[in-house]
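Engineer: Supplied structure: run36.csv, CSV, C-alpha atoms and all ligand atoms.
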```csv
chain,number,residue,atom,x,y,z
A,16,MET,CA,-7.6,-8.1,-11.4
A,17,PRO,CA,-8.6,-9.9,-14.6
A,18,ASP,CA,-12.3,-10.4,-15.0
A,19,GLY,CA,-13.5,-13.8,-13.8
A,20,ALA,CA,-10.6,-14.7,-11.6
A,21,ALA,CA,-11.5,-15.2,-7.9
A,22,PRO,CA,-9.9,-12.5,-5.7
A,23,ILE,CA,-7.9,-13.4,-2.7
A,24,LEU,CA,-8.9,-10.2,-1.0
A,25,GLU,CA,-12.0,-8.1,-1.5
A,26,VAL,CA,-12.4,-4.8,0.2
A,27,ARG,CA,-15.8,-3.1,0.2
A,28,ASP,CA,-16.6,0.4,1.1
A,29,LEU,CA,-13.9,0.6,3.8
A,30,ALA,CA,-14.1,3.7,6.0
A,31,ALA,CA,-11.8,4.7,8.9
A,32,VAL,CA,-11.2,7.8,11.0
A,33,TYR,CA,-8.6,9.2,13.3
A,34,ARG,CA,-9.8,11.1,16.3
A,35,THR,CA,-7.8,14.0,17.5
A,36,ARG,CA,-8.6,16.1,20.6
A,37,ASP,CA,-10.8,18.5,18.6
A,38,ALA,CA,-11.6,16.8,15.3
A,39,VAL,CA,-12.4,13.7,13.4
A,40,VAL,CA,-10.0,13.1,10.5
A,41,HIS,CA,-11.8,11.2,7.7
A,42,ALA,CA,-8.7,9.3,6.5
A,43,VAL,CA,-10.4,6.5,4.5
A,44,ASN,CA,-13.8,7.2,2.9
A,45,GLY,CA,-15.4,4.3,1.1
A,46,VAL,CA,-12.5,2.4,-0.4
A,47,SER,CA,-13.4,-0.7,-2.5
A,48,PHE,CA,-11.1,-2.9,-4.5
A,49,THR,CA,-10.1,-6.5,-5.2
A,50,LEU,CA,-6.7,-8.2,-5.1
A,51,GLY,CA,-6.2,-11.2,-7.4
A,52,ARG,CA,-4.0,-14.2,-6.5
A,53,GLY,CA,-0.4,-13.5,-7.4
A,54,GLU,CA,-1.4,-9.9,-8.5
A,55,VAL,CA,0.8,-6.9,-7.7
A,56,LEU,CA,-1.4,-3.9,-7.0
A,57,GLY,CA,0.3,-0.5,-6.7
A,58,LEU,CA,-1.2,2.1,-4.4
A,59,VAL,CA,-0.2,5.7,-5.0
A,60,GLY,CA,-1.2,9.2,-4.0
A,61,GLU,CA,0.3,12.2,-2.2
A,62,SER,CA,1.3,12.3,1.4
A,63,GLY,CA,-1.9,12.2,3.6
A,64,ALA,CA,-4.1,10.6,1.0
A,65,GLY,CA,-5.0,7.7,3.3
A,66,LYS,CA,-2.8,4.9,1.8
A,67,SER,CA,-1.4,3.7,5.1
A,68,ALA,CA,-4.6,4.2,7.0
A,69,ALA,CA,-6.5,2.1,4.5
A,70,MET,CA,-4.0,-0.8,4.7
A,71,LEU,CA,-3.7,-0.6,8.5
A,72,ALA,CA,-7.5,-0.6,8.7
A,73,LEU,CA,-8.1,-3.7,6.7
A,74,LEU,CA,-5.8,-5.8,9.0
A,75,GLY,CA,-7.0,-4.3,12.3
A,76,LEU,CA,-3.7,-2.5,12.8
A,77,LEU,CA,-4.9,1.1,13.4
A,78,PRO,CA,-4.0,2.4,16.8
A,79,ALA,CA,-7.0,1.5,18.9
A,80,ARG,CA,-6.8,4.6,21.1
A,81,SER,CA,-6.9,7.2,18.3
A,82,ALA,CA,-8.5,5.5,15.3
A,83,SER,CA,-11.3,3.2,14.3
A,84,VAL,CA,-12.8,1.5,11.3
A,85,VAL,CA,-16.3,3.0,10.8
A,86,GLY,CA,-17.6,0.9,8.0
A,87,GLY,CA,-17.0,-1.7,5.3
A,88,GLN,CA,-16.1,-5.3,4.8
A,89,VAL,CA,-12.7,-7.0,4.1
A,90,LEU,CA,-13.3,-10.5,2.7
A,91,PHE,CA,-10.5,-13.0,2.9
A,92,ASP,CA,-11.2,-16.6,2.3
A,93,GLY,CA,-14.9,-15.9,2.8
A,94,ASP,CA,-14.3,-14.3,6.2
A,95,ASP,CA,-14.9,-10.7,7.0
A,96,LEU,CA,-11.6,-9.6,8.7
A,97,LEU,CA,-13.3,-6.6,10.2
A,98,ARG,CA,-15.5,-8.9,12.2
A,99,ALA,CA,-12.8,-11.5,13.0
A,100,THR,CA,-11.7,-12.0,16.7
A,101,PRO,CA,-8.4,-10.3,17.6
A,102,GLU,CA,-6.9,-13.8,18.1
A,103,ARG,CA,-7.8,-14.9,14.5
A,104,LEU,CA,-6.5,-11.6,13.1
A,105,ARG,CA,-3.3,-12.1,14.9
A,106,ARG,CA,-2.9,-15.6,13.6
A,107,LEU,CA,-3.7,-14.5,10.0
A,108,ARG,CA,-1.2,-11.6,10.3
A,109,GLY,CA,1.5,-14.1,11.3
A,110,SER,CA,0.8,-16.6,8.6
A,111,GLU,CA,-1.3,-15.5,5.6
A,112,PHE,CA,-0.3,-11.8,5.6
A,113,GLY,CA,3.0,-10.1,5.6
A,114,TYR,CA,3.2,-6.4,6.4
A,115,VAL,CA,6.2,-4.1,5.9
A,116,PHE,CA,5.4,-1.0,8.0
A,117,GLN,CA,6.2,2.5,6.8
A,118,ASP,CA,7.6,3.3,10.2
A,119,PRO,CA,10.5,0.9,10.9
A,120,ALA,CA,10.1,1.5,14.7
A,121,THR,CA,6.8,-0.4,14.5
A,122,SER,CA,8.4,-3.6,13.4
A,123,LEU,CA,11.9,-3.8,14.8
A,124,ASN,CA,12.5,-4.1,18.6
A,125,PRO,CA,15.7,-2.3,19.4
A,126,VAL,CA,16.6,-4.6,22.3
A,127,LEU,CA,16.3,-7.9,20.5
A,128,SER,CA,18.9,-9.3,18.1
A,129,ILE,CA,17.9,-9.4,14.4
A,130,GLY,CA,18.3,-13.2,14.5
A,131,HIS,CA,15.8,-13.5,17.4
A,132,GLN,CA,13.3,-11.3,15.6
A,133,LEU,CA,13.5,-13.2,12.4
A,134,ALA,CA,13.5,-16.7,13.9
A,135,GLU,CA,10.6,-16.1,16.3
A,136,PRO,CA,7.8,-16.1,13.6
A,137,LEU,CA,9.4,-19.2,12.1
A,138,ARG,CA,9.1,-21.0,15.4
A,139,VAL,CA,5.7,-19.7,16.4
A,140,HIS,CA,3.9,-19.8,13.0
A,141,ARG,CA,5.8,-22.5,11.1
A,142,GLY,CA,6.6,-24.7,14.1
A,143,LEU,CA,10.4,-24.9,13.3
A,144,SER,CA,12.9,-26.0,15.9
A,145,ARG,CA,15.2,-23.4,17.4
A,146,ARG,CA,18.1,-24.6,15.1
A,147,ALA,CA,16.0,-24.8,12.0
A,148,ALA,CA,14.5,-21.3,12.7
A,149,ARG,CA,18.0,-19.9,13.1
A,150,ALA,CA,19.0,-21.4,9.7
A,151,GLY,CA,15.8,-20.1,8.2
A,152,ALA,CA,16.5,-16.6,9.6
A,153,ALA,CA,20.0,-16.6,8.0
A,154,GLU,CA,18.4,-17.7,4.7
A,155,LEU,CA,16.0,-14.9,4.8
A,156,LEU,CA,18.7,-12.3,5.4
A,157,ALA,CA,20.6,-13.7,2.4
A,158,LEU,CA,17.5,-13.6,0.4
A,159,VAL,CA,17.1,-9.8,0.9
A,160,GLY,CA,20.8,-9.3,0.0
A,161,ILE,CA,22.5,-8.8,3.4
A,162,PRO,CA,26.0,-10.2,3.2
A,163,ASP,CA,27.5,-12.4,5.9
A,164,PRO,CA,24.0,-13.3,7.3
A,165,LYS,CA,25.1,-15.7,10.0
A,166,ARG,CA,27.2,-13.0,11.7
A,167,ARG,CA,24.6,-10.3,11.2
A,168,LEU,CA,22.0,-12.4,13.1
A,169,GLU,CA,23.8,-11.7,16.3
A,170,GLN,CA,23.5,-8.0,15.8
A,171,TYR,CA,20.9,-5.5,16.9
A,172,PRO,CA,18.8,-3.1,14.7
A,173,HIS,CA,21.0,-0.1,15.5
A,174,GLN,CA,24.0,-1.9,13.9
A,175,PHE,CA,22.2,-2.0,10.6
A,176,SER,CA,21.9,0.9,8.1
A,177,GLY,CA,18.5,2.4,7.3
A,178,GLY,CA,18.4,0.5,4.0
A,179,GLN,CA,19.5,-2.7,5.7
A,180,ARG,CA,16.8,-2.3,8.3
A,181,GLN,CA,14.3,-1.9,5.6
A,182,ARG,CA,15.5,-5.1,4.0
A,183,VAL,CA,15.3,-6.9,7.3
A,184,MET,CA,11.7,-5.7,7.6
A,185,ILE,CA,10.9,-7.1,4.2
A,186,ALA,CA,12.6,-10.4,5.3
A,187,MET,CA,10.4,-10.5,8.4
A,188,ALA,CA,7.3,-9.9,6.4
A,189,LEU,CA,8.2,-12.7,4.0
A,190,ALA,CA,9.2,-15.1,6.8
A,191,CYS,CA,6.0,-17.1,6.8
A,192,LYS,CA,5.5,-17.2,3.1
A,193,PRO,CA,2.4,-15.1,3.2
A,194,ARG,CA,-0.3,-15.2,0.6
A,195,VAL,CA,-0.6,-11.5,0.7
A,196,LEU,CA,2.2,-9.0,1.3
A,197,ILE,CA,1.4,-5.4,2.1
A,198,ALA,CA,4.5,-3.2,1.7
A,199,ASP,CA,4.2,0.4,2.7
A,200,GLU,CA,7.0,2.5,1.1
A,201,PRO,CA,9.4,-0.4,1.4
A,202,THR,CA,12.1,0.9,-0.9
A,203,THR,CA,12.5,4.6,-0.1
A,204,ALA,CA,15.8,4.2,1.8
A,205,LEU,CA,17.3,1.8,-0.7
A,206,ASP,CA,19.7,2.7,-3.5
A,207,VAL,CA,18.6,1.9,-7.0
A,208,THR,CA,20.6,-1.4,-7.2
A,209,VAL,CA,19.2,-2.8,-4.0
A,210,GLN,CA,15.7,-1.6,-5.0
A,211,ALA,CA,16.0,-3.6,-8.2
A,212,GLN,CA,17.2,-6.7,-6.2
A,213,ILE,CA,14.2,-6.5,-3.9
A,214,LEU,CA,11.8,-6.0,-6.8
A,215,GLU,CA,13.3,-9.0,-8.5
A,216,LEU,CA,13.0,-11.1,-5.3
A,217,LEU,CA,9.3,-10.2,-5.1
A,218,ARG,CA,8.8,-11.2,-8.7
A,219,ASP,CA,10.3,-14.6,-7.9
A,220,LEU,CA,8.2,-15.1,-4.8
A,221,ARG,CA,5.2,-14.2,-6.7
A,222,ARG,CA,6.0,-16.8,-9.3
A,223,GLN,CA,6.9,-19.5,-6.7
A,224,LEU,CA,4.3,-18.9,-4.1
A,225,GLY,CA,1.6,-17.1,-6.0
A,226,MET,CA,1.9,-14.3,-3.4
A,227,ALA,CA,-0.2,-11.3,-4.0
A,228,VAL,CA,1.3,-7.9,-3.2
A,229,ILE,CA,-0.1,-4.4,-2.4
A,230,TRP,CA,2.8,-2.0,-2.9
A,231,ILE,CA,2.4,1.5,-1.5
A,232,THR,CA,4.7,4.2,-2.9
A,233,HIS,CA,5.2,7.7,-4.1
A,234,ASP,CA,7.3,6.4,-6.8
A,235,LEU,CA,5.4,5.9,-10.0
A,236,GLY,CA,8.6,4.7,-11.7
A,237,VAL,CA,8.6,1.7,-9.3
A,238,ILE,CA,4.9,1.1,-9.9
A,239,ALA,CA,5.5,1.0,-13.7
A,240,GLY,CA,8.2,-1.6,-13.1
A,241,ILE,CA,6.3,-4.0,-10.9
A,242,ALA,CA,2.5,-3.5,-10.7
A,243,ASP,CA,-0.2,-5.2,-12.7
A,244,ARG,CA,-2.8,-2.7,-11.6
A,245,VAL,CA,-2.7,0.7,-10.0
A,246,ILE,CA,-5.0,2.4,-7.5
A,247,VAL,CA,-4.7,6.2,-7.1
A,248,MET,CA,-5.9,7.6,-3.9
A,249,TYR,CA,-6.9,11.2,-3.1
A,250,ALA,CA,-8.4,12.5,0.2
A,251,GLY,CA,-9.2,9.1,1.5
A,252,ARG,CA,-10.8,7.8,-1.7
A,253,ILE,CA,-9.9,5.9,-4.8
A,254,VAL,CA,-10.1,8.4,-7.7
A,255,GLU,CA,-8.7,6.1,-10.4
A,256,GLN,CA,-7.9,2.5,-10.9
A,257,ALA,CA,-6.5,0.8,-14.0
A,258,PRO,CA,-4.2,-1.8,-15.4
A,259,VAL,CA,-0.7,-0.3,-15.2
A,260,ARG,CA,-0.3,0.2,-18.9
A,261,ALA,CA,-3.7,1.9,-19.3
A,262,LEU,CA,-2.9,4.2,-16.3
A,263,PHE,CA,0.3,5.4,-17.9
A,264,ALA,CA,-1.0,5.5,-21.5
A,265,ASP,CA,-4.4,7.1,-20.8
A,266,PRO,CA,-4.8,8.6,-17.3
A,267,ARG,CA,-8.3,9.9,-17.0
A,268,HIS,CA,-8.5,11.7,-13.7
A,269,PRO,CA,-6.9,15.2,-13.6
A,270,TYR,CA,-5.2,14.2,-10.4
A,271,THR,CA,-3.5,11.2,-12.0
A,272,ARG,CA,-2.5,13.3,-14.9
A,273,ALA,CA,-1.0,15.8,-12.6
A,274,LEU,CA,0.9,13.1,-10.8
A,275,LEU,CA,2.3,11.8,-14.1
A,276,ALA,CA,3.2,15.2,-15.2
A,277,ALA,CA,5.1,15.7,-12.0
A,278,LEU,CA,7.2,12.6,-12.7
A,279,PRO,CA,10.9,13.2,-12.7
A,280,ARG,CA,12.4,13.3,-16.1
A,281,PRO,CA,16.0,12.3,-16.0
A,282,ASP,CA,16.7,14.2,-19.3
A,283,GLY,CA,14.7,17.3,-18.4
A,284,PRO,CA,15.8,20.6,-17.0
A,285,ARG,CA,16.1,20.9,-13.2
A,286,GLU,CA,12.9,22.9,-12.8
A,287,ALA,CA,11.0,20.1,-14.7
A,288,ARG,CA,12.4,17.5,-12.3
A,289,LEU,CA,11.2,19.5,-9.3
A,290,ARG,CA,7.7,20.1,-10.6
A,291,ALA,CA,5.1,19.5,-7.9
A,292,ILE,CA,1.3,19.6,-8.1
A,293,PRO,CA,0.2,23.2,-7.3
A,294,GLY,CA,-2.1,23.7,-4.2
A,295,GLN,CA,-2.7,21.6,-1.1
A,296,PRO,CA,-4.8,18.5,-0.5
A,297,PRO,CA,-8.0,19.2,1.3
A,298,ARG,CA,-8.4,19.0,5.1
A,299,LEU,CA,-9.8,15.6,5.9
A,300,GLU,CA,-11.6,17.1,9.0
A,301,THR,CA,-13.8,19.3,6.9
A,302,LEU,CA,-14.5,17.5,3.6
A,303,THR,CA,-17.4,18.8,1.6
A,304,GLY,CA,-19.7,16.8,-0.7
A,305,ASP,CA,-18.1,18.0,-4.0
A,306,CYS,CA,-15.1,16.6,-5.8
A,307,PRO,CA,-12.2,16.9,-3.3
A,308,PHE,CA,-9.7,17.8,-6.1
A,309,ARG,CA,-11.8,20.8,-7.3
A,310,PRO,CA,-9.7,23.6,-5.7
A,311,ARG,CA,-6.6,22.3,-7.5
A,312,CYS,CA,-8.2,21.1,-10.7
A,313,ALA,CA,-7.3,23.0,-13.9
A,314,ARG,CA,-10.2,21.3,-15.7
A,315,ALA,CA,-13.0,22.0,-13.2
A,316,PHE,CA,-16.3,23.1,-14.8
A,317,ASP,CA,-19.7,24.0,-13.4
A,318,ARG,CA,-20.9,20.5,-12.7
A,319,CYS,CA,-17.9,20.0,-10.4
A,320,ALA,CA,-19.5,22.2,-7.7
A,321,GLY,CA,-22.3,19.6,-7.4
A,322,PRO,CA,-22.1,16.2,-5.7
A,323,ARG,CA,-18.9,14.3,-5.9
A,324,PRO,CA,-18.5,11.9,-8.9
A,325,GLU,CA,-18.3,8.2,-8.1
A,326,LEU,CA,-15.9,5.8,-9.9
A,327,ARG,CA,-17.2,5.4,-13.5
A,328,PRO,CA,-15.9,2.9,-16.1
A,329,VAL,CA,-13.7,4.3,-18.8
A,330,GLY,CA,-12.2,1.1,-20.3
A,331,PRO,CA,-11.5,-2.6,-19.4
A,332,GLU,CA,-10.9,-2.7,-15.6
A,333,HIS,CA,-10.3,1.1,-15.8
A,334,ARG,CA,-12.4,3.5,-13.7
A,335,ALA,CA,-12.1,7.1,-12.7
A,336,ALA,CA,-14.1,9.4,-10.4
A,337,CYS,CA,-14.4,12.6,-12.4
A,338,HIS,CA,-17.3,14.5,-14.0
A,339,LEU,CA,-15.3,14.6,-17.3
A,340,VAL,CA,-16.0,10.9,-17.6
A,341,PRO,CA,-19.6,10.3,-18.8
A,342,ASP,CA,-21.9,8.8,-16.2
A,343,PRO,CA,-23.2,5.5,-17.5
A,344,ALA,CA,-26.5,6.0,-15.7
A,345,GLU,CA,-27.1,9.2,-17.6
A,346,THR,CA,-26.0,7.8,-20.9
A,347,ALA,CA,-28.4,4.9,-20.4
A,348,HIS,CA,-31.3,7.3,-19.8
A,349,ALA,CA,-30.4,9.7,-22.7
B,1,LIG,N1,-2.1,9.3,14.4
B,1,LIG,C1,-2.8,10.1,13.7
B,1,LIG,N2,-3.7,11.0,14.3
B,1,LIG,C2,-4.4,11.8,13.5
B,1,LIG,N3,-4.5,11.9,12.2
B,1,LIG,C3,-3.7,11.0,11.5
B,1,LIG,C4,-2.8,10.1,12.2
B,1,LIG,N4,-2.1,9.4,11.3
B,1,LIG,C5,-2.6,9.8,10.1
B,1,LIG,N5,-3.5,10.8,10.2
B,1,LIG,C6,-4.2,11.5,9.2
B,1,LIG,O1,-4.9,10.6,8.4
B,1,LIG,C7,-4.8,11.0,7.0
B,1,LIG,C8,-4.3,9.8,6.2
B,1,LIG,O2,-2.9,9.5,6.6
B,1,LIG,P1,-2.1,8.3,6.0
B,1,LIG,O3,-1.0,8.1,7.0
B,1,LIG,O4,-3.0,7.2,5.7
B,1,LIG,O5,-1.5,9.0,4.7
B,1,LIG,P2,-0.6,8.3,3.6
B,1,LIG,O6,-1.3,8.4,2.3
B,1,LIG,O7,-0.1,7.0,4.0
B,1,LIG,O8,0.6,9.4,3.5
B,1,LIG,P3,2.2,9.2,3.4
B,1,LIG,O9,2.4,9.0,1.9
B,1,LIG,O10,2.7,10.5,3.9
B,1,LIG,O11,2.6,8.0,4.2
B,1,LIG,C9,-3.8,12.2,6.9
B,1,LIG,O12,-4.6,13.3,6.8
B,1,LIG,C10,-3.2,12.2,8.3
B,1,LIG,O13,-2.9,13.5,8.7
B,2,LIG,S1,-14.8,16.2,-11.1
B,2,LIG,FE1,-14.3,18.2,-11.9
B,2,LIG,S2,-13.0,19.1,-10.3
B,2,LIG,FE2,-13.0,16.9,-10.0
B,2,LIG,S3,-11.3,16.1,-11.0
B,2,LIG,FE3,-13.0,16.0,-12.4
B,2,LIG,S4,-13.0,17.9,-13.6
B,2,LIG,FE4,-11.6,18.2,-11.8
B,3,MG,MG,1.7,6.3,4.6
```
Would you kindly transcribe this structure into structure tokens?

Structural biologist:
Amino acid sequence: MPDGAAPILEVRDLAAVYRTRDAVVHAVNGVSFTLGRGEVLGLVGESGAGKSAAMLALLGLLPARSASVVGGQVLFDGDDLLRATPERLRRLRGSEFGYVFQDPATSLNPVLSIGHQLAEPLRVHRGLSRRAARAGAAELLALVGIPDPKRRLEQYPHQFSGGQRQRVMIAMALACKPRVLIADEPTTALDVTVQAQILELLRDLRRQLGMAVIWITHDLGVIAGIADRVIVMYAGRIVEQAPVRALFADPRHPYTRALLAALPRPDGPREARLRAIPGQPPRLETLTGDCPFRPRCARAFDRCAGPRPELRPVGPEHRAACHLVPDPAETAHA
């Protein structure tokens, strides 16, 4: 977010855990960031990095029986959402926030028609009549590029393809013109043309409504196309955050560099396209106090065995959590 602009959302030191029968999984470990009005923030990181857990945690959407938020603040319009009543959170989720869940089963009810599911929030949260809500639902389907929307409203989720269901979920999340849209892997099942359409749609909404977006993806190519800023997560923490250009031009954390090096190159040989980061992410049940990337880091040196580095400034709005980045506290004392 540009310096000086008031954020719409401010997350401070968010921490959350999953509890399994015999372990506590530290899925989110002190995540802090801001989201500016109308800003698109990309959130990337390998599978299991805690991206979904962090976003679910901030809106009180973690499964109550197996997970909980254990610390932090989430400031929205001066309110701490982590301390809001369940009723207020529900209302905010229906009006100010839109959420595209990674798991489609979470959002679409198989026994209700798509028209019913799209019209319901318009009636409940925007107070539209049954007829107006129906028309609004058809408009939303058209907006996300589903042909013949009036007829499709009568159909049920199983009559839509995977990519179409994903578009319906995006339509649902946009139904109430949210101020913040959180989209978790929203374009994985979409072909490139539809993906481009959805991204264009989001750009429009952002212009028209000033909607801010948090976009979670494994696809750094998509991030390069739509994000203003990028957060890179590893083992439940932010390891680097930067304006999108700076991240691609001058990645500072060895993990970010490895992610970028693993990017598919359409012109490259097949092995290059299949390159993955060697090694495994750490177990979140048994995190130690040193840098979580150390076992996989080609640039690790003696200091890396010591306490984990916090995020340090490396440029305008650019920070990285790595001992290779000079610690400003030490520089000041030198
Ligand atoms: N229901 C659950 N019970 C126990 N642990 C879980 C549960 N869901 C997620 N986790 C653990 O929490 C950690 C963070 O998971 P999360 O779903 O946030 O990852 P992610 O970054 O969204 O990954 P992906 O890219 O695969 O969606 C992982 O180590 C995962 O194994
Ligand atoms: S702190 Fe050390 S081990 Fe961790 S990413 Fe930086 S160089 Fe690698
Ligand atoms: Mg996820």

Engineer: Pick out the residues sitting within 7 Å of segment 309-320 of chain A, and hand them over as a ChimeraX atom specification; count all atoms listed in the file, and ignore anything fewer than 6 positions along from it in its own chain.

Structural biologist: /A:269,293-294,338

Engineer: One number please: atom CA of Ser67 of chain A to atom CA of Pro331 of chain A, in Å, one decimal.

Structural biologist: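 Spanning atom CA of Ser67 of chain A to atom CA of Pro331 of chain A is a straight-line distance of 27.2 Å.
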
Engineer: Within 12 Å of segment 102-112 of chain A, which residues of segment 160-220 of chain A show up? Give each one with its shortest atom-to-atom distance in Å (one decimal) and the two atoms involved, counting only C-alpha atoms, rows by chain then rising residue number, as JSON lines.

Structural biologist:
```
{"residue": "A:Met187", "atom": "CA", "partner": "A:Gly109", "partner_atom": "CA", "distance": 10.0}
{"residue": "A:Ala188", "atom": "CA", "partner": "A:Phe112", "partner_atom": "CA", "distance": 7.9}
{"residue": "A:Leu189", "atom": "CA", "partner": "A:Phe112", "partner_atom": "CA", "distance": 8.7}
{"residue": "A:Ala190", "atom": "CA", "partner": "A:Ser110", "partner_atom": "CA", "distance": 8.7}
{"residue": "A:Cys191", "atom": "CA", "partner": "A:Ser110", "partner_atom": "CA", "distance": 5.5}
{"residue": "A:Lys192", "atom": "CA", "partner": "A:Ser110", "partner_atom": "CA", "distance": 7.3}
{"residue": "A:Pro193", "atom": "CA", "partner": "A:Glu111", "partner_atom": "CA", "distance": 4.4}
{"residue": "A:Arg194", "atom": "CA", "partner": "A:Glu111", "partner_atom": "CA", "distance": 5.1}
{"residue": "A:Val195", "atom": "CA", "partner": "A:Phe112", "partner_atom": "CA", "distance": 4.9}
{"residue": "A:Leu196", "atom": "CA", "partner": "A:Phe112", "partner_atom": "CA", "distance": 5.7}
{"residue": "A:Ile197", "atom": "CA", "partner": "A:Phe112", "partner_atom": "CA", "distance": 7.5}
{"residue": "A:Ala198", "atom": "CA", "partner": "A:Phe112", "partner_atom": "CA", "distance": 10.6}
```

Engineer: Would you mind reading off the distance between atom CA of Leu76 of chain A and atom CA of Val245 of chain A, one decimal, in Å?

Structural biologist: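 Those two atoms sit 23.0 Å apart.
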
Engineer: Rank A:Val26, A:Met248, A:Val115, A:Ala261 by their smallest atom-to-atom distance to ligand LIG 1 (chain B), using only C-alpha atoms and all ligand atoms, and report the top residue only.

Structural biologist: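 Among the listed residues, A:Met248 lies closest to ligand LIG 1 (chain B).
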
Engineer: Please report the interatomic distance between atom CA of Val39 of chain A and atom CA of Glu300 of chain A in Å with one decimal.

Structural biologist: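 Distance between the two atoms: 5.6 Å.
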
Engineer: Pick from A:Leu50, A:Ala291, A:Ala99, A:Cys306: nearest to ligand LIG 2 (chain B), with all atoms listed in the file counted?

Structural biologist: A:Cys306

Engineer: Could you list, as a ChimeraX atom specification, all residues that come within 7 Å of ligand LIG 1 (chain B)? Count only C-alpha atoms and all ligand atoms.

Structural biologist: /A:33-35,40-42,60-69,81,233,251,299

Engineer: Pick out the closest residue to ligand MG 3 (chain B) from this set: A:Ile229, A:Met70, A:Glu255, A:Glu135. Count all atoms listed in the file.

Structural biologist: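 Looking at the shortest contact to ligand MG 3 (chain B), the residue is A:Met70.
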
Engineer: Give the answer as one residue: which of A:His333, A:Arg166, A:Arg327, A:His268 has the shortest atom-to-atom distance to ligand LIG 2 (chain B), using only C-alpha atoms and all ligand atoms?

Structural biologist: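 Comparing A:His333, A:Arg166, A:Arg327, A:His268 against ligand LIG 2 (chain B), the winner is A:His268.
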
Engineer: For the point (1.3, -6.5, -16.5) in the file's frame, write as a VMD selection string all residues with an atom no more than 12 Å away, counting all atoms listed in the file.

Structural biologist: chain A and resid 16 to 17 53 to 57 218 238 to 245 257 to 262

Engineer: Next, the residues of the selection above should be written as a compact mmCIF listing (two decimals), keeping the file's coordinate frame with C-alpha atoms.

Structural biologist:
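Written out: result_5.txt:
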```
# COMPACT_ATOMS: atom_id res chain seq x y z
CA MET A 16 -7.60 -8.10 -11.40
CA PRO A 17 -8.60 -9.90 -14.60
CA GLY A 53 -0.40 -13.50 -7.40
CA GLU A 54 -1.40 -9.90 -8.50
CA VAL A 55 0.80 -6.90 -7.70
CA LEU A 56 -1.40 -3.90 -7.00
CA GLY A 57 0.30 -0.50 -6.70
CA ARG A 218 8.80 -11.20 -8.70
CA ILE A 238 4.90 1.10 -9.90
CA ALA A 239 5.50 1.00 -13.70
CA GLY A 240 8.20 -1.60 -13.10
CA ILE A 241 6.30 -4.00 -10.90
CA ALA A 242 2.50 -3.50 -10.70
CA ASP A 243 -0.20 -5.20 -12.70
CA ARG A 244 -2.80 -2.70 -11.60
CA VAL A 245 -2.70 0.70 -10.00
CA ALA A 257 -6.50 0.80 -14.00
CA PRO A 258 -4.20 -1.80 -15.40
CA VAL A 259 -0.70 -0.30 -15.20
CA ARG A 260 -0.30 0.20 -18.90
CA ALA A 261 -3.70 1.90 -19.30
CA LEU A 262 -2.90 4.20 -16.30
```

Engineer: Measuring atom to atom with all atoms listed in the file, identify which of A:Gln132, A:Gln117, A:Gln181, A:Thr271 is nearest to ligand MG 3 (chain B).

Structural biologist: A:Gln117

Engineer: For each of A:Ala344, A:Ala153, A:Ile292, A:Ile185, take the minimum atom-to-atom distance to Ala277 of chain A, counting all atoms listed in the file, then give the residue where this is smallest.

Structural biologist: A:Ile292

Engineer: Would you mind listing what lies within 12 Å of Glu325 of chain A as an MDAnalysis selection string, with only C-alpha atoms counted and same-chain residues fewer than 4 positions away left out?

Structural biologist: chainID A and resid 44:47 252:255 268 304:307 334:344

Engineer: Using only C-alpha atoms, which residues sit within 6 Å of Glu25 of chain A once same-chain residues fewer than 6 positions away are excluded, as a VMD selection string?

Structural biologist: chain A and resid 49 89 to 90

Engineer: Please provide the set of residues having any atom within 12 Å of Gly177 of chain A, restricted to all atoms listed in the file, with same-chain residues fewer than 4 positions apart removed, written as a list in words.

Structural biologist: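 The residues satisfying every condition are Asp118, Pro119, Ala120, Leu123, Pro172, His173, Gln181, Arg182, Val183, Met184, Pro201, Thr202, Thr203, Ala204, Leu205 and Asp206 of chain A.
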
Engineer: I want to know what sits within 10 Å of Leu168 of chain A, based on all atoms listed in the file, with residues of the same chain fewer than 5 positions away left out; could you give that as a PyMOL selection string?

Structural biologist: chain A and resi 128-134+149+152-153+156+163
